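Trainee: You'll find upload-v1.cif just under this line, and it carries mmCIF, C-alpha atoms (C1' of nucleotides).
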```cif
data_start
loop_
_atom_site.label_atom_id
_atom_site.label_comp_id
_atom_site.auth_asym_id
_atom_site.auth_seq_id
_atom_site.Cartn_x
_atom_site.Cartn_y
_atom_site.Cartn_z
CA MET A 1 -55.08 24.29 -119.34
CA LYS A 2 -56.36 27.82 -119.38
CA ARG A 3 -59.92 28.60 -120.22
CA SER A 4 -60.74 32.23 -120.65
CA ALA A 5 -64.03 34.00 -120.94
CA HIS A 6 -64.29 34.35 -124.68
CA SER A 7 -67.48 32.46 -124.92
CA HIS A 8 -69.07 34.74 -127.46
CA CYS A 9 -71.40 37.19 -125.97
CA LYS A 10 -74.61 36.39 -127.65
CA HIS A 11 -76.42 35.89 -124.45
CA GLY A 12 -77.04 32.44 -123.15
CA PRO A 13 -80.35 30.69 -123.12
CA HIS A 14 -81.20 31.94 -119.66
CA GLU A 15 -80.88 35.61 -120.28
CA HIS A 16 -84.56 36.32 -120.46
CA LYS A 17 -85.09 35.24 -116.91
CA ARG A 18 -82.23 37.26 -115.50
CA ALA A 19 -83.27 38.83 -112.23
CA SER A 20 -82.45 42.43 -111.36
CA LEU A 21 -79.87 43.25 -108.77
CA PRO A 22 -82.42 44.46 -106.21
CA LYS A 23 -84.31 41.21 -106.60
CA LEU A 24 -81.15 39.27 -106.05
CA THR A 25 -80.13 41.18 -102.96
CA ALA A 26 -83.65 40.89 -101.62
CA LYS A 27 -83.14 37.17 -101.66
CA LEU A 28 -80.06 37.64 -99.57
CA ARG A 29 -81.93 39.78 -97.10
CA ARG A 30 -84.72 37.25 -96.85
CA LYS A 31 -82.21 34.71 -95.65
CA SER A 32 -80.84 37.32 -93.27
CA ARG A 33 -77.56 37.54 -95.07
CA ARG A 34 -75.97 40.94 -95.33
CA ILE A 35 -75.91 42.88 -98.53
CA THR A 36 -72.31 43.90 -98.82
CA GLY A 37 -70.35 45.69 -101.50
CA PRO A 38 -68.48 42.61 -102.66
CA ARG A 39 -71.65 40.56 -102.89
CA GLN A 40 -73.45 43.15 -104.95
CA ALA A 41 -70.48 43.51 -107.24
CA ILE A 42 -70.21 39.77 -107.72
CA LEU A 43 -73.92 39.38 -108.43
CA GLU A 44 -73.76 42.21 -110.92
CA ILE A 45 -70.89 40.55 -112.74
CA LEU A 46 -72.68 37.23 -112.82
CA ARG A 47 -75.75 38.99 -114.13
CA ARG A 48 -73.81 40.55 -116.95
CA HIS A 49 -72.12 37.29 -117.96
CA PRO A 50 -74.63 34.54 -118.53
CA HIS A 51 -71.84 32.03 -119.00
CA PRO A 52 -69.80 29.93 -116.65
CA LEU A 53 -67.32 32.22 -114.90
CA SER A 54 -64.35 31.15 -112.84
CA ILE A 55 -63.47 32.82 -109.58
CA ARG A 56 -60.47 34.37 -111.24
CA GLU A 57 -62.55 35.77 -114.05
CA ILE A 58 -64.93 37.31 -111.58
CA PHE A 59 -61.98 38.73 -109.72
CA ALA A 60 -60.61 40.23 -112.92
CA GLU A 61 -63.93 41.92 -113.69
CA LEU A 62 -63.97 43.51 -110.28
CA PRO A 63 -62.60 47.06 -109.97
CA LYS A 64 -58.99 46.66 -108.87
CA GLY A 65 -58.62 45.48 -105.32
CA ASP A 66 -62.30 45.96 -104.67
CA CYS A 67 -62.56 42.65 -102.97
CA ASP A 68 -60.36 39.80 -101.96
CA LEU A 69 -60.16 36.47 -103.74
CA ALA A 70 -61.06 34.71 -100.51
CA THR A 71 -64.21 36.77 -100.33
CA ILE A 72 -65.24 35.65 -103.78
CA TYR A 73 -64.67 32.04 -102.83
CA ARG A 74 -66.75 32.52 -99.73
CA SER A 75 -69.47 34.34 -101.59
CA MET A 76 -69.74 31.64 -104.19
CA HIS A 77 -70.18 29.05 -101.49
CA LEU A 78 -72.87 31.14 -99.92
CA LEU A 79 -74.67 31.76 -103.19
CA GLU A 80 -74.39 28.12 -104.14
CA GLY A 81 -75.88 27.10 -100.82
CA MET A 82 -78.73 29.51 -101.39
CA LYS A 83 -79.23 28.07 -104.85
CA MET A 84 -78.57 31.44 -106.41
CA VAL A 85 -75.69 30.16 -108.50
CA LYS A 86 -74.85 26.82 -110.01
CA ARG A 87 -71.38 25.35 -110.03
CA PHE A 88 -70.02 23.75 -113.20
CA ASP A 89 -66.99 21.60 -113.68
CA LEU A 90 -65.68 21.92 -117.21
CA GLY A 91 -62.88 19.46 -116.78
CA ASP A 92 -59.92 21.68 -116.07
CA GLY A 93 -59.35 21.98 -112.36
CA VAL A 94 -61.32 25.21 -112.05
CA ALA A 95 -64.85 25.72 -110.74
CA ARG A 96 -67.16 27.94 -112.76
CA PHE A 97 -70.43 29.55 -111.78
CA GLU A 98 -73.60 30.77 -113.41
CA LEU A 99 -76.37 32.81 -111.92
CA LEU A 100 -79.56 30.81 -111.50
CA ALA A 101 -82.91 32.15 -112.61
CA GLU A 102 -85.53 32.39 -109.89
CA GLY A 103 -87.10 29.02 -109.35
CA ALA A 104 -85.13 27.30 -112.09
CA ASP A 105 -82.62 24.66 -111.16
CA GLY A 106 -80.34 25.78 -113.94
CA HIS A 107 -79.81 22.29 -115.19
CA HIS A 108 -78.10 22.38 -118.56
CA HIS A 109 -74.89 21.34 -120.19
CA HIS A 110 -72.02 22.85 -122.12
CA LEU A 111 -70.07 22.26 -125.25
CA VAL A 112 -66.48 23.30 -124.75
CA CYS A 113 -63.85 23.80 -127.42
CA VAL A 114 -60.71 22.01 -126.28
CA ARG A 115 -58.57 24.41 -128.28
CA CYS A 116 -59.86 27.91 -127.59
CA SER A 117 -62.11 27.16 -124.63
CA ARG A 118 -65.14 28.77 -126.15
CA VAL A 119 -68.23 27.61 -124.27
CA ILE A 120 -71.63 27.00 -125.80
CA GLU A 121 -74.67 26.20 -123.73
CA ILE A 122 -76.79 23.18 -124.52
CA ASN A 123 -80.34 23.63 -123.34
CA GLU A 124 -81.81 20.25 -123.84
CA CYS A 125 -81.23 17.51 -121.35
CA PHE A 126 -81.82 14.04 -122.59
CA THR A 127 -80.65 12.21 -119.57
CA ARG A 128 -83.64 12.68 -117.27
CA GLU A 129 -85.38 9.40 -117.96
CA LEU A 130 -82.07 7.63 -118.04
CA GLU A 131 -81.56 8.76 -114.50
CA GLU A 132 -84.78 7.04 -113.51
CA LYS A 133 -83.72 3.82 -115.11
CA ILE A 134 -80.28 3.88 -113.57
CA ALA A 135 -81.62 4.87 -110.18
CA ALA A 136 -84.18 2.07 -110.19
CA ARG A 137 -81.76 -0.54 -111.42
CA ASN A 138 -79.22 0.21 -108.71
CA GLY A 139 -81.53 1.18 -105.90
CA PHE A 140 -80.15 4.70 -105.73
CA LYS A 141 -82.16 7.74 -104.68
CA ALA A 142 -81.83 11.42 -105.41
CA ILE A 143 -79.97 10.88 -108.64
CA THR A 144 -78.36 13.73 -110.50
CA HIS A 145 -75.77 13.81 -113.22
CA LYS A 146 -73.04 15.91 -114.70
CA LEU A 147 -72.62 15.96 -118.45
CA GLU A 148 -70.36 18.13 -120.53
CA PHE A 149 -69.35 17.89 -124.16
CA PHE A 150 -65.94 18.63 -125.59
CA GLY A 151 -64.80 19.12 -129.16
CA ILE A 152 -63.15 21.45 -131.61
CA CYS A 153 -65.12 24.50 -132.60
CA PRO A 154 -65.51 25.66 -136.23
CA GLU A 155 -62.91 28.37 -135.90
CA CYS A 156 -60.29 26.12 -134.42
CA GLN A 157 -60.60 23.28 -136.90
CA MET B 1 -64.86 15.52 -100.03
CA LYS B 2 -63.05 12.24 -99.57
CA ARG B 3 -63.83 9.32 -101.77
CA SER B 4 -62.28 6.06 -100.72
CA ALA B 5 -61.93 2.82 -102.54
CA HIS B 6 -64.82 0.91 -101.09
CA SER B 7 -66.49 0.35 -104.38
CA HIS B 8 -67.52 -3.19 -103.71
CA CYS B 9 -65.24 -5.68 -105.23
CA LYS B 10 -67.51 -7.58 -107.47
CA HIS B 11 -65.43 -6.92 -110.48
CA GLY B 12 -66.40 -4.26 -112.93
CA PRO B 13 -67.79 -4.85 -116.36
CA HIS B 14 -64.37 -4.86 -117.97
CA GLU B 15 -62.81 -7.58 -115.96
CA HIS B 16 -63.11 -10.25 -118.58
CA LYS B 17 -60.80 -8.40 -120.92
CA ARG B 18 -58.16 -7.72 -118.32
CA ALA B 19 -54.73 -8.17 -119.87
CA SER B 20 -51.93 -9.99 -118.07
CA LEU B 21 -48.99 -8.10 -116.67
CA PRO B 22 -46.57 -9.42 -119.32
CA LYS B 23 -48.94 -8.29 -122.03
CA LEU B 24 -49.12 -4.86 -120.49
CA THR B 25 -45.39 -4.47 -120.12
CA ALA B 26 -44.91 -5.72 -123.66
CA LYS B 27 -46.91 -2.75 -124.77
CA LEU B 28 -44.51 -0.52 -122.93
CA ARG B 29 -41.56 -2.16 -124.57
CA ARG B 30 -43.13 -1.79 -127.99
CA LYS B 31 -43.20 1.93 -127.46
CA SER B 32 -39.61 1.75 -126.26
CA ARG B 33 -40.50 2.71 -122.75
CA ARG B 34 -38.65 1.05 -119.96
CA ILE B 35 -40.20 -1.59 -117.80
CA THR B 36 -39.41 -0.42 -114.33
CA GLY B 37 -40.38 -1.66 -110.92
CA PRO B 38 -42.77 1.19 -110.19
CA ARG B 39 -44.53 0.80 -113.52
CA GLN B 40 -45.03 -2.90 -113.07
CA ALA B 41 -46.31 -2.40 -109.57
CA ILE B 42 -48.75 0.28 -110.70
CA LEU B 43 -50.04 -1.81 -113.58
CA GLU B 44 -50.50 -4.76 -111.28
CA ILE B 45 -52.52 -2.65 -108.86
CA LEU B 46 -54.67 -1.28 -111.65
CA ARG B 47 -55.20 -4.81 -112.90
CA ARG B 48 -56.36 -5.95 -109.51
CA HIS B 49 -58.78 -3.03 -109.06
CA PRO B 50 -61.11 -2.68 -111.99
CA HIS B 51 -62.51 0.52 -110.56
CA PRO B 52 -61.46 4.12 -110.73
CA LEU B 53 -58.41 4.55 -108.50
CA SER B 54 -56.92 7.82 -107.36
CA ILE B 55 -53.18 8.39 -107.29
CA ARG B 56 -53.29 8.31 -103.54
CA GLU B 57 -55.13 5.01 -103.50
CA ILE B 58 -52.56 3.52 -105.82
CA PHE B 59 -49.85 4.89 -103.59
CA ALA B 60 -51.47 3.32 -100.55
CA GLU B 61 -51.61 -0.08 -102.24
CA LEU B 62 -47.93 0.08 -103.02
CA PRO B 63 -45.54 -1.58 -100.55
CA LYS B 64 -44.38 1.18 -98.25
CA GLY B 65 -42.03 3.63 -99.88
CA ASP B 66 -41.75 1.44 -102.94
CA CYS B 67 -42.23 4.37 -105.20
CA ASP B 68 -42.64 8.08 -105.00
CA LEU B 69 -45.93 9.92 -105.49
CA ALA B 70 -44.37 11.96 -108.27
CA THR B 71 -43.49 8.75 -110.05
CA ILE B 72 -47.11 7.62 -109.95
CA TYR B 73 -48.23 10.94 -111.36
CA ARG B 74 -45.68 10.64 -114.12
CA SER B 75 -46.60 7.05 -114.82
CA MET B 76 -50.26 7.84 -115.09
CA HIS B 77 -49.53 10.54 -117.62
CA LEU B 78 -47.44 8.12 -119.59
CA LEU B 79 -50.03 5.36 -119.48
CA GLU B 80 -52.79 7.79 -120.34
CA GLY B 81 -50.81 9.01 -123.33
CA MET B 82 -50.34 5.42 -124.43
CA LYS B 83 -54.04 4.81 -124.02
CA MET B 84 -53.38 2.12 -121.46
CA VAL B 85 -55.42 3.86 -118.77
CA LYS B 86 -58.40 6.16 -118.84
CA ARG B 87 -58.76 9.18 -116.61
CA PHE B 88 -62.05 9.84 -114.85
CA ASP B 89 -63.24 12.92 -113.06
CA LEU B 90 -65.78 12.02 -110.40
CA GLY B 91 -66.40 15.55 -109.29
CA ASP B 92 -64.18 15.89 -106.28
CA GLY B 93 -60.89 17.47 -107.22
CA VAL B 94 -59.13 14.15 -107.67
CA ALA B 95 -58.24 12.30 -110.86
CA ARG B 96 -59.00 8.60 -111.00
CA PHE B 97 -57.75 5.97 -113.40
CA GLU B 98 -58.84 2.65 -114.81
CA LEU B 99 -56.86 0.20 -116.85
CA LEU B 100 -58.05 0.04 -120.44
CA ALA B 101 -58.69 -3.25 -122.15
CA GLU B 102 -56.68 -3.84 -125.30
CA GLY B 103 -58.31 -2.05 -128.20
CA ALA B 104 -61.23 -0.77 -126.15
CA ASP B 105 -61.59 2.94 -125.58
CA GLY B 106 -62.95 2.29 -122.12
CA HIS B 107 -65.83 4.64 -122.59
CA HIS B 108 -68.31 4.18 -119.78
CA HIS B 109 -69.81 6.09 -116.91
CA HIS B 110 -70.16 5.81 -113.17
CA LEU B 111 -72.80 6.07 -110.53
CA VAL B 112 -71.32 7.51 -107.37
CA CYS B 113 -72.87 7.56 -103.92
CA VAL B 114 -72.52 11.05 -102.53
CA ARG B 115 -72.54 9.70 -98.99
CA CYS B 116 -70.19 6.72 -98.93
CA SER B 117 -68.50 7.20 -102.29
CA ARG B 118 -69.25 3.73 -103.50
CA VAL B 119 -68.77 3.61 -107.26
CA ILE B 120 -70.81 1.53 -109.67
CA GLU B 121 -69.97 1.25 -113.32
CA ILE B 122 -72.60 1.94 -115.96
CA ASN B 123 -71.86 0.10 -119.15
CA GLU B 124 -74.32 1.56 -121.52
CA CYS B 125 -73.72 4.86 -123.16
CA PHE B 126 -76.73 6.54 -124.58
CA THR B 127 -75.13 9.75 -125.56
CA ARG B 128 -73.39 8.70 -128.77
CA GLU B 129 -76.02 9.86 -131.20
CA LEU B 130 -76.61 12.95 -129.15
CA GLU B 131 -73.01 13.84 -129.74
CA GLU B 132 -73.61 13.68 -133.47
CA LYS B 133 -76.55 15.98 -133.23
CA ILE B 134 -74.79 18.48 -131.03
CA ALA B 135 -71.63 18.37 -133.11
CA ALA B 136 -73.55 18.98 -136.32
CA ARG B 137 -75.67 21.73 -134.90
CA ASN B 138 -72.70 23.68 -133.61
CA GLY B 139 -70.17 22.81 -136.26
CA PHE B 140 -67.89 21.09 -133.78
CA LYS B 141 -65.62 18.18 -134.64
CA ALA B 142 -64.12 15.40 -132.60
CA ILE B 143 -66.81 15.52 -129.98
CA THR B 144 -66.53 13.60 -126.76
CA HIS B 145 -68.37 13.87 -123.49
CA LYS B 146 -68.05 13.27 -119.81
CA LEU B 147 -71.05 11.96 -117.93
CA GLU B 148 -71.24 10.79 -114.36
CA PHE B 149 -74.23 10.07 -112.15
CA PHE B 150 -74.54 10.87 -108.47
CA GLY B 151 -77.03 9.72 -105.88
CA ILE B 152 -77.52 7.95 -102.59
CA CYS B 153 -76.91 4.24 -102.56
CA PRO B 154 -79.29 1.74 -100.94
CA GLU B 155 -77.17 1.34 -97.84
CA CYS B 156 -76.86 5.06 -97.22
CA GLN B 157 -80.51 5.92 -97.60
"C1'" DT C 1 -19.99 -5.66 -118.96
"C1'" DG C 2 -20.30 -0.55 -120.19
"C1'" DG C 3 -22.41 3.23 -121.56
"C1'" DC C 4 -26.19 6.07 -122.90
"C1'" DT C 5 -30.61 7.67 -121.75
"C1'" DA C 6 -34.95 7.08 -119.60
"C1'" DT C 7 -36.63 7.09 -115.15
"C1'" DT C 8 -36.70 7.93 -110.28
"C1'" DG C 9 -36.61 10.28 -105.68
"C1'" DC C 10 -36.64 14.30 -103.30
"C1'" DA C 11 -37.60 18.77 -102.49
"C1'" DA C 12 -39.31 22.82 -103.96
"C1'" DA C 13 -42.80 25.22 -107.02
"C1'" DT C 14 -47.48 25.86 -108.65
"C1'" DG C 15 -52.37 26.75 -108.60
"C1'" DA C 16 -56.89 26.34 -106.80
"C1'" DT C 17 -59.16 26.59 -102.76
"C1'" DT C 18 -59.73 26.98 -97.64
"C1'" DT C 19 -59.07 28.83 -93.05
"C1'" DG C 20 -57.71 31.52 -88.66
"C1'" DC C 21 -57.97 35.78 -86.84
"C1'" DA C 22 -58.26 40.40 -85.92
"C1'" DA C 23 -60.29 44.54 -88.03
"C1'" DT C 24 -64.40 46.25 -90.33
"C1'" DT C 25 -69.25 46.94 -91.33
"C1'" DA C 26 -74.33 45.95 -92.24
"C1'" DG C 27 -78.56 45.62 -89.93
"C1'" DT C 28 -81.02 46.51 -85.64
"C1'" DC C 29 -82.52 48.77 -81.67
"C1'" DC C 30 -82.87 53.01 -78.99
"C1'" DG D 1 -77.77 59.60 -85.48
"C1'" DG D 2 -75.12 56.53 -82.24
"C1'" DA D 3 -74.30 52.28 -80.10
"C1'" DC D 4 -74.28 47.29 -80.33
"C1'" DT D 5 -73.69 42.66 -82.16
"C1'" DA D 6 -72.99 39.31 -85.24
"C1'" DA D 7 -71.85 38.70 -89.99
"C1'" DT D 8 -68.34 39.68 -93.18
"C1'" DT D 9 -63.94 41.02 -94.93
"C1'" DG D 10 -58.84 41.24 -95.83
"C1'" DC D 11 -54.66 39.27 -95.23
"C1'" DA D 12 -51.56 35.83 -94.57
"C1'" DA D 13 -50.74 31.29 -93.84
"C1'" DA D 14 -52.34 26.50 -94.53
"C1'" DT D 15 -54.11 22.67 -97.53
"C1'" DC D 16 -54.35 19.61 -101.29
"C1'" DA D 17 -53.63 17.84 -105.80
"C1'" DT D 18 -50.43 18.06 -109.13
"C1'" DT D 19 -46.08 19.45 -111.52
"C1'" DT D 20 -41.20 20.25 -112.12
"C1'" DG D 21 -35.91 20.79 -111.65
"C1'" DC D 22 -32.09 18.25 -110.89
"C1'" DA D 23 -28.82 15.13 -109.54
"C1'" DA D 24 -28.59 10.14 -108.66
"C1'" DT D 25 -30.00 5.58 -110.46
"C1'" DA D 26 -31.21 1.91 -113.18
"C1'" DG D 27 -33.09 -0.29 -117.67
"C1'" DC D 28 -31.66 -1.87 -122.13
"C1'" DC D 29 -28.77 -2.40 -126.11
"C1'" DA D 30 -24.43 -3.32 -128.18
#
```
Please express what this file holds, its structure, as structure tokens.

Mentor:
Amino acid sequence: MKRSAHSHCKHGPHEHKRASLPKLTAKLRRKSRRITGPRQAILEILRRHPHPLSIREIFAELPKGDCDLATIYRSMHLLEGMKMVKRFDLGDGVARFELLAEGADGHHHHLVCVRCSRVIEINECFTRELEEKIAARNGFKAITHKLEFFGICPECQ
Amino acid sequence: MKRSAHSHCKHGPHEHKRASLPKLTAKLRRKSRRITGPRQAILEILRRHPHPLSIREIFAELPKGDCDLATIYRSMHLLEGMKMVKRFDLGDGVARFELLAEGADGHHHHLVCVRCSRVIEINECFTRELEEKIAARNGFKAITHKLEFFGICPECQ
DNA sequence: TGGCTATTGCAAATGATTTGCAATTAGTCC
DNA sequence: GGACTAATTGCAAATCATTTGCAATAGCCA
């Protein structure tokens, strides 16, 4: 299943909090990580696309041969570890990433068209209190959840 | 991330409706699919493990060399298409399957320990009406969702 | 029982992701 | 600015889950 980046480009719900590139790189420096060309390029791409992007999509956005695929994979791990991006799993076997706003945990969900792969962000999360209940009932701690919706979008019906 | 089959063996919430092997194979015959050794063996294993099983776990349960990995993959596709099993995605890159009770759609969720990979089934689904709302608001049809919970189980805390 | 076709095993292909390693470079110190 | 050191990169090869081509095999029906 292929899922391309057509998610329409009305900006996502997190746009308003989008940090500038210097702010982002500053965060890198604070953690004594180096500010390299590839990393800046990747952050810039993520900044410009407030939607879940796959590694391959990021790679495609990058000026030809500007950076290796492996480097993107490594960068995403780094950024994820630093809580600068959030990883999403939209059900095909491909990881996608979104830039996180400063301080926010980026928790939200998506509605994905199973035909054209358009992605719509869903801001509300209704599952918080459910988590509590389920955690308590089963004695689990540190509960999180993953929730994504799938369906057929208006244009594909 | 490895996730093994230790989900404790108090049977899952769907045990009571577990169909017998003859009933299952009858369903195959009805759809003019052949009742082969591998398929029977796989169904029997799924019957005995009312928990999400990966292809590899099924393979491991199988008498040595009784059947090829590719055959299990193909069988799971077949059974999924016939709505005899349901595929789950627990967040590591590995598909898992559960036998579906006759007539039931098998919709339920899981609570997965991120340390030991124990899996607990969650029967209730609270997201049904949410689906409606989200579908209506975005003009989507045929909405479904995937929801899984993650946390640290009592024994791993 | 025979024959036709679905199904299997095996090996090779695919696709996403990871990793080893030597070459390169950002950040630091003088 | 130049040297130094550790972090980072590119490249190629390795993994891992899953899929597929193809010839051999085995269900099922007459």

Trainee: Using the chain letters and numbers from the file, which residues does the PyMOL selection byres ((chain A) within 10 of (chain C)) grab, as a compact mmCIF listing (two decimals) with C-alpha atoms, in the frame of the given file?

Mentor:
```txt
# COMPACT_ATOMS: atom_id res chain seq x y z
CA ARG A 29 -81.93 39.78 -97.10
CA SER A 32 -80.84 37.32 -93.27
CA ARG A 33 -77.56 37.54 -95.07
CA ARG A 34 -75.97 40.94 -95.33
CA ILE A 35 -75.91 42.88 -98.53
CA THR A 36 -72.31 43.90 -98.82
CA ILE A 55 -63.47 32.82 -109.58
CA ARG A 56 -60.47 34.37 -111.24
CA LEU A 69 -60.16 36.47 -103.74
CA ALA A 70 -61.06 34.71 -100.51
CA TYR A 73 -64.67 32.04 -102.83
CA ARG A 74 -66.75 32.52 -99.73
CA GLY A 93 -59.35 21.98 -112.36
CA VAL A 94 -61.32 25.21 -112.05
CA ALA A 95 -64.85 25.72 -110.74
```

Trainee: May I ask which of the residues A:Cys67, A:Ala19, A:Ala26, A:Cys125 is the closest one to chain D, counting only C-alpha atoms (C1' of nucleotides)?

Mentor: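 Of the candidates, the smallest distance to chain D is held by A:Cys67.
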
Trainee: Would you compute the distance between CA of Glu80 in chain B and CA of Glu57 in chain B? Give it in Å to one decimal.

Mentor: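 CA of Glu80 in chain B sits 17.2 Å away from CA of Glu57 in chain B.
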
Trainee: For each of A:Thr25, A:Gln40, A:Ser54, A:Thr144, take the minimum atom-to-atom distance to chain B, counting all atoms listed in the file, then give the residue where this is smallest.

Mentor: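 Checking each candidate against chain B, we get A:Thr144 as the closest.
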
Trainee: Using the chain letters and numbers from this file, what does the PyMOL selection byres ((chain D) within 9 of (chain B)) select? Give the answer as an MDAnalysis selection string.

Mentor: chainID D and resid 17:19 26:28

Trainee: Which residues, named as in the file, does the PyMOL selection byres ((chain B) within 9 of (chain A)) pick out? Answer as a compact mmCIF listing (two decimals) with C-alpha atoms, in the coordinates of the input.

Mentor:
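As a result, expr37.txt now contains:
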```txt
# COMPACT_ATOMS: atom_id res chain seq x y z
CA ASP B 89 -63.24 12.92 -113.06
CA GLY B 91 -66.40 15.55 -109.29
CA GLY B 93 -60.89 17.47 -107.22
CA LEU B 111 -72.80 6.07 -110.53
CA CYS B 113 -72.87 7.56 -103.92
CA ILE B 120 -70.81 1.53 -109.67
CA ILE B 122 -72.60 1.94 -115.96
CA PHE B 126 -76.73 6.54 -124.58
CA THR B 127 -75.13 9.75 -125.56
CA LEU B 130 -76.61 12.95 -129.15
CA GLU B 131 -73.01 13.84 -129.74
CA ILE B 134 -74.79 18.48 -131.03
CA ALA B 135 -71.63 18.37 -133.11
CA ASN B 138 -72.70 23.68 -133.61
CA GLY B 139 -70.17 22.81 -136.26
CA PHE B 140 -67.89 21.09 -133.78
CA LYS B 141 -65.62 18.18 -134.64
CA ALA B 142 -64.12 15.40 -132.60
CA ILE B 143 -66.81 15.52 -129.98
CA THR B 144 -66.53 13.60 -126.76
CA HIS B 145 -68.37 13.87 -123.49
CA LYS B 146 -68.05 13.27 -119.81
CA LEU B 147 -71.05 11.96 -117.93
CA GLU B 148 -71.24 10.79 -114.36
CA PHE B 149 -74.23 10.07 -112.15
CA PHE B 150 -74.54 10.87 -108.47
CA GLY B 151 -77.03 9.72 -105.88
CA ILE B 152 -77.52 7.95 -102.59
CA CYS B 153 -76.91 4.24 -102.56
CA PRO B 154 -79.29 1.74 -100.94
CA GLN B 157 -80.51 5.92 -97.60
```

Trainee: So the first atom is CA of Asp66 in chain A and the second is CA of Pro38 in chain A; what is the distance between them in Å, to one decimal place?

Mentor: 7.3 Å

Trainee: How many Å lie between CA of Pro50 in chain A and CA of Glu132 in chain B, rounded to one decimal?

Mentor: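 Result for CA of Pro50 in chain A versus CA of Glu132 in chain B: 25.7 Å, one decimal.
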
Trainee: Could you list, as a PyMOL selection string, every residue within 7 Å of range 100-106 of chain B, counting only C-alpha atoms (C1' of nucleotides) and ignoring same-chain residues fewer than 3 positions away?

Mentor: chain B and resi 17-19+84-86

Trainee: Can you fill out range 101-114 of chain A with N, CA and C atoms and hand it back as a CSV table (one decimal), in the coordinates of the input?

Mentor:
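What landed in out26.csv:
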```csv
chain,number,residue,atom,x,y,z
A,101,ALA,N,-81.7,31.4,-112.5
A,101,ALA,CA,-82.9,32.2,-112.6
A,101,ALA,C,-83.8,31.7,-111.4
A,102,GLU,N,-84.6,32.6,-111.0
A,102,GLU,CA,-85.5,32.4,-109.9
A,102,GLU,C,-86.3,31.1,-110.1
A,103,GLY,N,-86.3,30.2,-109.2
A,103,GLY,CA,-87.1,29.0,-109.4
A,103,GLY,C,-86.5,27.9,-110.2
A,104,ALA,N,-85.7,28.3,-111.2
A,104,ALA,CA,-85.1,27.3,-112.1
A,104,ALA,C,-84.0,26.6,-111.4
A,105,ASP,N,-83.7,25.4,-111.8
A,105,ASP,CA,-82.6,24.7,-111.2
A,105,ASP,C,-81.4,24.8,-112.0
A,106,GLY,N,-81.5,25.5,-113.1
A,106,GLY,CA,-80.3,25.8,-113.9
A,106,GLY,C,-79.7,24.6,-114.6
A,107,HIS,N,-80.4,23.5,-114.6
A,107,HIS,CA,-79.8,22.3,-115.2
A,107,HIS,C,-79.6,22.4,-116.7
A,108,HIS,N,-78.4,22.4,-117.1
A,108,HIS,CA,-78.1,22.4,-118.6
A,108,HIS,C,-76.7,22.0,-118.7
A,109,HIS,N,-76.2,21.9,-120.0
A,109,HIS,CA,-74.9,21.3,-120.2
A,109,HIS,C,-74.1,22.3,-121.1
A,110,HIS,N,-72.9,22.0,-121.3
A,110,HIS,CA,-72.0,22.8,-122.1
A,110,HIS,C,-71.3,22.1,-123.2
A,111,LEU,N,-70.9,22.8,-124.2
A,111,LEU,CA,-70.1,22.3,-125.2
A,111,LEU,C,-68.8,23.1,-125.3
A,112,VAL,N,-67.7,22.5,-125.0
A,112,VAL,CA,-66.5,23.3,-124.8
A,112,VAL,C,-65.5,23.0,-125.8
A,113,CYS,N,-64.9,24.0,-126.4
A,113,CYS,CA,-63.8,23.8,-127.4
A,113,CYS,C,-62.5,23.5,-126.7
A,114,VAL,N,-61.9,22.4,-127.0
A,114,VAL,CA,-60.7,22.0,-126.3
A,114,VAL,C,-59.5,22.8,-126.7
```
